$ cat data.txt   # compact mmCIF, C-alpha atoms and all ligand atoms
# COMPACT_ATOMS: atom_id res chain seq x y z
CA MET R 151 96.19 109.63 121.62
CA THR R 152 96.36 107.16 118.72
CA SER R 153 99.74 107.11 117.08
CA LEU R 154 100.72 106.05 113.60
CA THR R 155 102.85 102.94 113.49
CA ASP R 156 103.36 101.00 110.28
CA PRO R 157 103.54 97.20 109.92
CA PHE R 158 107.33 97.34 110.30
CA GLY R 159 107.09 99.03 113.70
CA ARG R 160 108.12 102.44 112.40
CA LYS R 161 106.44 105.37 114.09
CA ILE R 162 105.30 107.98 111.57
CA GLU R 163 105.78 111.40 113.06
CA TYR R 164 106.89 113.52 110.13
CA VAL R 165 104.99 114.84 107.10
CA ARG R 166 106.61 116.48 104.11
CA LEU R 167 104.00 118.73 102.62
CA SER R 168 104.28 119.92 99.04
CA VAL R 169 102.49 123.22 98.50
CA THR R 170 103.16 123.38 94.77
CA ASP R 171 104.61 121.17 92.05
CA ARG R 172 105.94 124.21 90.14
CA CYS R 173 109.41 125.60 90.42
CA ASP R 174 111.28 128.69 89.30
CA LEU R 175 114.34 126.56 88.46
CA ARG R 176 114.75 123.63 86.08
CA CYS R 177 117.51 121.49 87.60
CA PHE R 178 118.33 119.02 84.85
CA TYR R 179 118.01 116.02 87.17
CA CYS R 180 114.57 117.05 88.47
CA ILE R 181 111.92 118.74 86.29
CA PRO R 182 112.09 118.04 82.52
CA GLN R 183 112.59 121.24 80.47
CA GLN R 184 109.23 121.17 78.71
CA PHE R 185 107.30 119.48 81.51
CA LYS R 186 103.53 119.69 80.94
CA GLY R 187 102.26 117.52 83.78
CA PHE R 188 101.68 120.21 86.43
CA GLU R 189 98.45 120.07 88.43
CA GLU R 190 95.77 122.66 87.69
CA PRO R 191 95.10 125.16 90.51
CA GLU R 192 91.62 123.76 91.20
CA GLN R 193 93.30 120.46 92.09
CA TRP R 194 95.64 122.12 94.59
CA LEU R 195 94.65 121.72 98.21
CA SER R 196 93.53 125.09 99.56
CA PHE R 197 94.97 126.41 102.82
CA PRO R 198 91.87 125.32 104.81
CA GLU R 199 92.10 121.84 103.23
CA ILE R 200 95.79 121.60 104.09
CA GLU R 201 94.95 122.68 107.64
CA ARG R 202 92.34 119.93 107.94
CA VAL R 203 94.76 117.26 106.77
CA ILE R 204 97.60 118.42 109.01
CA THR R 205 95.25 118.68 111.99
CA ALA R 206 94.30 115.03 111.38
CA PHE R 207 97.97 114.04 111.28
CA ALA R 208 98.70 116.08 114.42
CA ASP R 209 95.86 114.26 116.21
CA LEU R 210 97.58 111.04 115.19
CA GLY R 211 100.87 112.06 116.76
CA VAL R 212 102.69 113.83 113.93
CA GLU R 213 104.74 116.71 115.33
CA LYS R 214 107.02 117.67 112.46
CA ILE R 215 106.01 119.28 109.17
CA ARG R 216 108.34 120.30 106.38
CA ILE R 217 106.94 122.56 103.68
CA THR R 218 108.38 121.67 100.32
CA GLY R 219 107.54 121.47 96.61
CA GLY R 220 108.25 122.18 93.72
CA GLU R 221 109.47 125.46 95.03
CA PRO R 222 107.29 126.43 98.01
CA LEU R 223 108.03 130.14 97.68
CA VAL R 224 106.18 130.28 94.35
CA ARG R 225 102.94 129.48 96.21
CA LYS R 226 101.20 132.76 97.06
CA ASN R 227 100.94 133.79 100.73
CA LEU R 228 103.17 131.01 101.98
CA PRO R 229 103.97 132.80 105.28
CA GLU R 230 100.22 132.85 105.99
CA LEU R 231 100.06 129.08 105.52
CA ALA R 232 103.12 128.63 107.73
CA GLN R 233 101.47 130.68 110.45
CA ARG R 234 98.31 128.56 110.24
CA LEU R 235 100.24 125.28 110.36
CA SER R 236 102.40 126.34 113.28
CA ALA R 237 99.24 127.18 115.24
CA ILE R 238 97.89 123.60 114.97
CA ALA R 239 97.97 121.89 118.37
CA GLY R 240 100.72 119.25 118.44
CA ILE R 241 102.82 120.67 115.59
CA ASN R 242 106.04 121.75 117.24
CA ASP R 243 108.52 121.72 114.38
CA LEU R 244 107.79 123.54 111.13
CA SER R 245 110.55 123.71 108.55
CA LEU R 246 110.99 124.65 104.91
CA SER R 247 112.96 123.34 101.93
CA THR R 248 113.64 125.98 99.29
CA ASN R 249 115.95 126.84 96.44
CA ALA R 250 116.21 130.32 98.06
CA VAL R 251 115.74 132.18 94.76
CA GLN R 252 112.95 134.25 96.36
CA LEU R 253 114.04 133.85 99.97
CA ALA R 254 115.46 137.37 100.34
CA ARG R 255 111.90 138.74 100.03
CA HIS R 256 110.26 136.22 102.36
CA ALA R 257 112.81 135.31 105.03
CA LYS R 258 111.61 137.73 107.70
CA ALA R 259 107.92 136.90 107.22
CA LEU R 260 108.66 133.16 107.37
CA HIS R 261 110.63 133.57 110.56
CA LEU R 262 107.77 135.56 112.09
CA ALA R 263 105.39 132.81 110.95
CA ASN R 264 107.27 130.32 113.17
CA VAL R 265 109.17 128.44 110.49
CA SER R 266 112.02 127.27 112.66
CA ARG R 267 114.47 125.67 110.25
CA ILE R 268 115.39 126.13 106.60
CA ASN R 269 117.10 123.83 104.12
CA VAL R 270 118.45 125.38 100.93
CA SER R 271 119.35 123.41 97.81
CA LEU R 272 122.62 124.59 96.33
CA ASP R 273 124.61 122.42 93.95
CA SER R 274 127.27 124.89 92.84
CA LEU R 275 128.98 128.11 93.91
CA ASP R 276 130.07 128.89 90.38
CA PRO R 277 127.53 131.24 88.68
CA GLN R 278 127.96 129.68 85.23
CA ARG R 279 127.73 126.14 86.47
CA PHE R 280 124.75 127.00 88.68
CA LYS R 281 123.05 128.46 85.62
CA HIS R 282 123.79 125.30 83.66
CA ILE R 283 122.54 122.88 86.35
CA THR R 284 119.37 124.87 87.01
CA ASN R 285 118.72 125.87 83.41
CA GLY R 286 119.04 129.60 83.84
CA GLY R 287 119.09 130.15 87.62
CA LYS R 288 120.97 133.10 89.09
CA LEU R 289 123.34 132.19 91.89
CA ASP R 290 123.45 135.72 93.32
CA LYS R 291 119.74 135.52 94.18
CA VAL R 292 120.28 132.31 96.13
CA LEU R 293 123.23 133.81 97.99
CA SER R 294 121.16 136.92 98.87
CA GLY R 295 118.37 134.61 100.04
CA LEU R 296 120.78 132.72 102.27
CA MET R 297 122.15 135.90 103.81
CA ALA R 298 118.62 137.20 104.39
CA ALA R 299 117.71 133.94 106.15
CA LYS R 300 120.74 134.29 108.37
CA ALA R 301 119.90 137.92 109.14
CA ALA R 302 116.30 136.93 109.94
CA GLY R 303 117.60 134.60 112.63
CA PHE R 304 117.27 131.13 111.11
CA HIS R 305 119.61 128.63 112.70
CA PRO R 306 120.64 126.09 111.64
CA ILE R 307 120.53 126.73 107.91
CA LYS R 308 121.29 123.55 106.02
CA ILE R 309 122.71 123.49 102.51
CA ASN R 310 121.67 120.46 100.43
CA MET R 311 124.06 119.61 97.60
CA VAL R 312 123.36 116.75 95.19
CA VAL R 313 126.89 115.62 94.35
CA MET R 314 127.20 114.45 90.74
CA ARG R 315 130.23 112.96 89.08
CA GLY R 316 131.57 115.22 86.34
CA VAL R 317 129.06 117.96 87.22
CA ASN R 318 129.99 119.40 90.61
CA ASP R 319 132.08 116.79 92.44
CA ASP R 320 135.12 119.06 92.12
CA GLU R 321 133.33 121.66 94.28
CA VAL R 322 132.87 119.61 97.40
CA GLN R 323 135.78 121.15 99.25
CA GLU R 324 134.76 124.67 98.27
CA MET R 325 131.27 124.02 99.57
CA VAL R 326 132.75 122.83 102.87
CA ASN R 327 134.75 126.06 103.16
CA PHE R 328 131.69 128.15 102.24
CA CYS R 329 129.65 126.47 104.97
CA ILE R 330 132.42 126.88 107.57
CA GLN R 331 132.65 130.55 106.65
CA HIS R 332 128.91 131.18 107.00
CA ASP R 333 128.08 128.79 109.82
CA PHE R 334 125.79 126.66 107.65
CA THR R 335 125.31 122.91 108.02
CA LEU R 336 126.13 120.95 104.87
CA ARG R 337 124.42 117.84 103.55
CA PHE R 338 125.52 115.86 100.55
CA ILE R 339 122.86 113.85 98.70
CA GLU R 340 123.17 110.99 96.22
CA THR R 341 121.36 111.25 92.89
CA MET R 342 118.14 109.22 92.82
CA PRO R 343 116.47 107.67 89.75
CA MET R 344 113.23 109.62 90.05
CA GLY R 345 111.45 110.11 86.75
CA ASP R 346 113.24 110.16 83.40
CA THR R 347 115.32 113.17 84.43
CA GLY R 348 116.54 111.48 87.62
CA ARG R 349 117.23 108.26 85.72
CA ASP R 350 119.27 110.10 83.08
CA ALA R 351 121.20 111.82 85.86
CA ILE R 352 122.14 108.44 87.28
CA ASN R 353 125.02 108.56 84.75
CA HIS R 354 126.44 111.13 87.15
CA TYR R 355 125.73 109.07 90.26
CA LEU R 356 128.55 109.21 92.78
CA SER R 357 128.60 107.20 96.00
CA LEU R 358 129.07 109.52 98.94
CA ASP R 359 131.63 107.07 100.30
CA VAL R 360 133.96 108.40 97.63
CA VAL R 361 133.20 111.99 98.64
CA LYS R 362 133.81 111.18 102.29
CA ARG R 363 137.17 109.58 101.52
CA GLN R 364 138.20 112.60 99.44
CA LEU R 365 137.27 114.95 102.26
CA GLN R 366 139.17 112.88 104.78
CA GLN R 367 142.35 113.70 102.88
CA GLN R 368 141.78 117.41 103.60
CA PHE R 369 139.87 117.46 106.87
CA GLU R 370 139.68 115.40 110.01
CA LEU R 371 136.09 114.12 110.21
CA ILE R 372 134.79 112.93 113.54
CA PRO R 373 131.39 111.26 114.03
CA GLY R 374 128.82 113.89 114.97
CA VAL R 375 125.15 114.14 115.75
CA MET R 376 122.59 116.66 114.61
CA PRO R 377 119.27 117.02 116.41
CA GLY R 378 116.46 116.56 113.86
CA GLY R 379 119.05 115.37 111.39
CA GLY R 380 116.77 112.83 109.71
CA PRO R 381 118.39 110.18 107.55
CA ALA R 382 121.70 112.00 107.20
CA ARG R 383 124.70 110.45 108.92
CA TYR R 384 126.66 113.35 110.36
CA MET R 385 130.38 113.98 110.69
CA GLN R 386 131.93 117.03 112.26
CA VAL R 387 134.92 118.78 110.73
CA ALA R 388 137.48 118.83 113.55
CA GLY R 389 138.46 122.28 114.75
CA THR R 390 135.32 123.88 113.25
CA ASP R 391 131.60 124.02 114.03
CA LEU R 392 130.73 122.47 110.68
CA LYS R 393 128.62 119.35 110.60
CA ILE R 394 128.39 117.46 107.33
CA GLY R 395 125.48 115.10 106.69
CA PHE R 396 125.68 112.24 104.17
CA ILE R 397 122.33 111.23 102.71
CA THR R 398 122.86 107.94 100.93
CA PRO R 399 119.57 106.55 99.59
CA ILE R 400 121.44 104.46 97.03
CA SER R 401 124.73 103.30 98.57
CA GLN R 402 123.29 102.69 102.04
CA HIS R 403 119.53 103.04 102.28
CA PHE R 404 117.97 104.06 105.58
CA CYS R 405 114.41 102.79 105.10
CA GLU R 406 114.40 100.93 108.40
CA THR R 407 114.38 104.29 110.18
CA CYS R 408 111.80 105.92 107.88
CA ASN R 409 109.41 108.03 109.95
CA ARG R 410 107.77 110.07 107.21
CA VAL R 411 105.13 110.31 104.53
CA ARG R 412 104.62 112.91 101.82
CA ILE R 413 101.60 114.88 100.66
CA SER R 414 101.62 116.31 97.15
CA VAL R 415 99.94 119.57 96.16
CA ASP R 416 96.86 117.72 94.88
CA GLY R 417 96.38 115.95 98.19
CA THR R 418 97.92 112.59 97.35
CA LEU R 419 99.50 110.95 100.36
CA TYR R 420 102.59 109.08 99.14
CA LEU R 421 103.65 106.41 101.58
CA CYS R 422 107.19 106.01 100.22
CA LEU R 423 109.37 108.26 98.05
CA GLY R 424 110.33 105.35 95.84
CA GLN R 425 107.03 103.45 95.55
CA ASP R 426 103.61 104.21 94.11
CA ASP R 427 101.49 103.28 97.14
CA LYS R 428 99.23 106.20 97.97
CA LEU R 429 95.97 107.54 99.37
CA GLU R 430 93.99 110.24 97.57
CA LEU R 431 92.96 112.67 100.29
CA ARG R 432 91.40 115.33 98.04
CA PRO R 433 88.22 113.40 97.20
CA LEU R 434 87.69 112.73 100.90
CA LEU R 435 88.13 116.39 101.76
CA ARG R 436 85.83 117.54 98.99
CA ASP R 437 83.15 114.88 99.38
CA GLY R 438 82.34 115.76 102.96
CA ALA R 439 84.45 113.28 104.95
CA ASP R 440 84.61 114.43 108.57
CA HIS R 441 87.67 114.64 110.79
CA GLU R 442 87.36 111.08 112.12
CA ALA R 443 86.92 109.63 108.62
CA ILE R 444 90.05 111.40 107.43
CA LYS R 445 92.01 110.13 110.42
CA GLN R 446 90.74 106.59 109.80
CA ALA R 447 91.74 106.74 106.12
CA ILE R 448 95.23 107.88 107.14
CA ILE R 449 95.55 105.04 109.68
CA GLU R 450 94.53 102.51 107.00
CA ALA R 451 97.00 103.99 104.53
CA ILE R 452 99.90 103.79 107.00
CA ALA R 453 99.10 100.10 107.37
CA ARG R 454 100.10 99.82 103.69
CA LYS R 455 103.41 101.70 103.95
CA PRO R 456 106.00 99.78 101.92
CA GLU R 457 109.02 98.40 103.71
CA ARG R 458 111.52 100.19 101.49
CA HIS R 459 112.26 101.81 98.17
CA GLU R 460 113.96 99.86 95.40
CA PHE R 461 116.00 102.60 93.72
CA ARG R 462 118.88 100.20 93.34
CA GLU R 463 117.09 97.05 92.30
CA LYS R 464 114.48 98.68 90.05
CA PRO R 465 115.76 102.09 88.98
CA GLU R 466 113.23 102.10 86.14
CA GLN R 467 110.32 101.85 88.55
CA VAL R 468 109.51 105.34 89.78
CA VAL R 469 107.68 107.50 87.31
CA ARG R 470 107.17 110.56 89.51
CA ILE R 471 109.76 113.32 89.46
CA MET R 472 110.82 114.67 92.84
CA SER R 473 108.99 117.96 92.29
CA ILE R 474 105.65 116.12 92.05
CA THR R 475 106.14 113.96 95.12
CA GLY R 476 107.46 116.79 97.25
CA GLY R 477 111.19 116.43 97.71
N1 LIG U 501 112.48 123.58 95.72
C1 LIG U 501 112.88 123.09 97.00
C2 LIG U 501 114.39 122.91 97.04
O1 LIG U 501 115.05 123.29 96.08
O2 LIG U 501 114.88 122.43 98.06
C3 LIG U 501 112.20 121.80 97.45
C4 LIG U 501 111.89 120.76 96.45
S1 LIG U 501 113.28 120.03 95.64
C5 LIG U 501 112.46 118.87 94.59
C6 LIG U 501 113.95 119.06 96.97
C7 LIG U 501 115.30 118.43 96.76
O3 LIG U 501 115.17 117.37 95.87
C8 LIG U 501 116.37 119.36 96.22
O4 LIG U 501 117.46 119.37 97.12
C9 LIG U 501 116.78 118.68 94.92
O5 LIG U 501 118.15 118.85 94.66
C10 LIG U 501 116.42 117.24 95.22
N2 LIG U 501 116.23 116.39 94.04
C11 LIG U 501 115.39 116.52 93.00
N3 LIG U 501 115.52 115.49 92.13
C12 LIG U 501 116.47 114.68 92.64
C13 LIG U 501 117.05 113.47 92.22
N4 LIG U 501 116.68 112.86 91.09
N5 LIG U 501 118.01 112.90 93.02
C14 LIG U 501 118.40 113.50 94.18
N6 LIG U 501 117.87 114.65 94.62
C15 LIG U 501 116.93 115.23 93.87
$ encode --input "data.txt" --output "structure tokens"
Amino acid sequence: MTSLTDPFGRKIEYVRLSVTDRCDLRCFYCIPQQFKGFEEPEQWLSFPEIERVITAFADLGVEKIRITGGEPLVRKNLPELAQRLSAIAGINDLSLSTNAVQLARHAKALHLANVSRINVSLDSLDPQRFKHITNGGKLDKVLSGLMAAKAAGFHPIKINMVVMRGVNDDEVQEMVNFCIQHDFTLRFIETMPMGDTGRDAINHYLSLDVVKRQLQQQFELIPGVMPGGGPARYMQVAGTDLKIGFITPISQHFCETCNRVRISVDGTLYLCLGQDDKLELRPLLRDGADHEAIKQAIIEAIARKPERHEFREKPEQVVRIMSITGG
């Protein structure tokens, strides 16, 4: 089987697939309040089109797919798509990133559809603060979604918290306790300058080194590993089962281990989160390209994968918000 290796020797075996650019929350650092740039439904890849693209990637050695967005649960019939993707030969790890607002309704169906792992974004455990960060979100829905995911049998469940100075950095310890209590894995993420919203939020940027040092005053952290842990560097809280991942795109980038590409809802293959290099797959799919032609186009695109993002050096560079790229 051909495999996808980029010019820097990195094997590409992971696709993050955005199934919508819309979201039922408006986190202030992600989608602008009055955002008008959403794709029209006719530009969205249909389920059969998504299946064709993912089959091509699977034939090229990709084994891992993460469904993301926007908020994936706002796309109709998502469990059906998950079922179809998990049935593709070669795909052996299907996971989902969600804000969990609608997870209580869908958790069981997603589990039955072979979604094996779930990541939930949660920046605050305080209902008022959560509402403020997400522009109106209801924390109790997210908590119900999390409990439903646990009851449905998902394990591990990872909580993703973007830690922002002056916004939620005083909640780090509480989040640790919450995750110990519920047997969740916790990952802290640094704010990235994606789009105007992300760039504005950089005022709240906090290096996770600071967070780690703060935690070390309360907890003994020992180096840990997490299978499928991606770019996070994991520490275990001694005396507990809790693993904490630190995702540090700004303070310590991890591009040399990058093994992924992203597909947006309109079928754009983005080769790097922080660069504009891309391949438009939708015209190929809709203009009659066959399976081999799609595979060839993907191989040629991977040959153009940038070495690294430049969030630090050129924070003004990225125009796409995370919700468009597929976070
Ligand atoms: N809706 C799903 C969710 O909430 O996980 C998936 C998409 S969301 C865009 C993916 C992740 O991107 C979330 O954890 C969110 O906090 C993060 N994100 C969005 N904009 C960001 C930024 N500028 N810097 C860091 N993380 C960001």
$ axis_aligned_box --input "data.txt" --around "ligand LIG 501 (chain U)" --padding-each-side "6 Å" --output "JSON"
{"center_x": 115.1, "center_y": 118.2, "center_z": 94.6, "size_x": 18.5, "size_y": 22.7, "size_z": 19.0}
$ closest_residue --input "data.txt" --among "R:Glu466, R:Asp174, R:Glu321, R:Glu163" --to "ligand LIG 501 (chain U)" --atoms "all atoms listed in the file"
R:Asp174
$ atom_distance --input "data.txt" --atom1 "CA of Lys393 (chain R)" --atom2 "CA of Gln368 (chain R)"
15.0 Å
$ residues_around --input "data.txt" --residues "region 183-187 of chain R" --least-positions-apart "4" --cutoff "10 Å" --atoms "only C-alpha atoms" --output "PDB file with C-alpha atoms, in the coordinates of the input"
ATOM      1  CA  ASP R 171     104.610 121.170  92.050  1.00  0.00           C
ATOM      2  CA  ARG R 172     105.940 124.210  90.140  1.00  0.00           C
ATOM      3  CA  LEU R 175     114.340 126.560  88.460  1.00  0.00           C
ATOM      4  CA  ARG R 176     114.750 123.630  86.080  1.00  0.00           C
ATOM      5  CA  CYS R 177     117.510 121.490  87.600  1.00  0.00           C
ATOM      6  CA  PHE R 178     118.330 119.020  84.850  1.00  0.00           C
ATOM      7  CA  ASN R 285     118.720 125.870  83.410  1.00  0.00           C
ATOM      8  CA  THR R 347     115.320 113.170  84.430  1.00  0.00           C
ATOM      9  CA  ILE R 474     105.650 116.120  92.050  1.00  0.00           C
TER      10      ILE R 474
END
$ residues_near_point --input "data.txt" --point "(101.0, 130.0, 107.4)" --cutoff "10 Å" --atoms "only C-alpha atoms" --output "PyMOL selection string"
chain R and resi 197+201+227-237+259-260+262-265
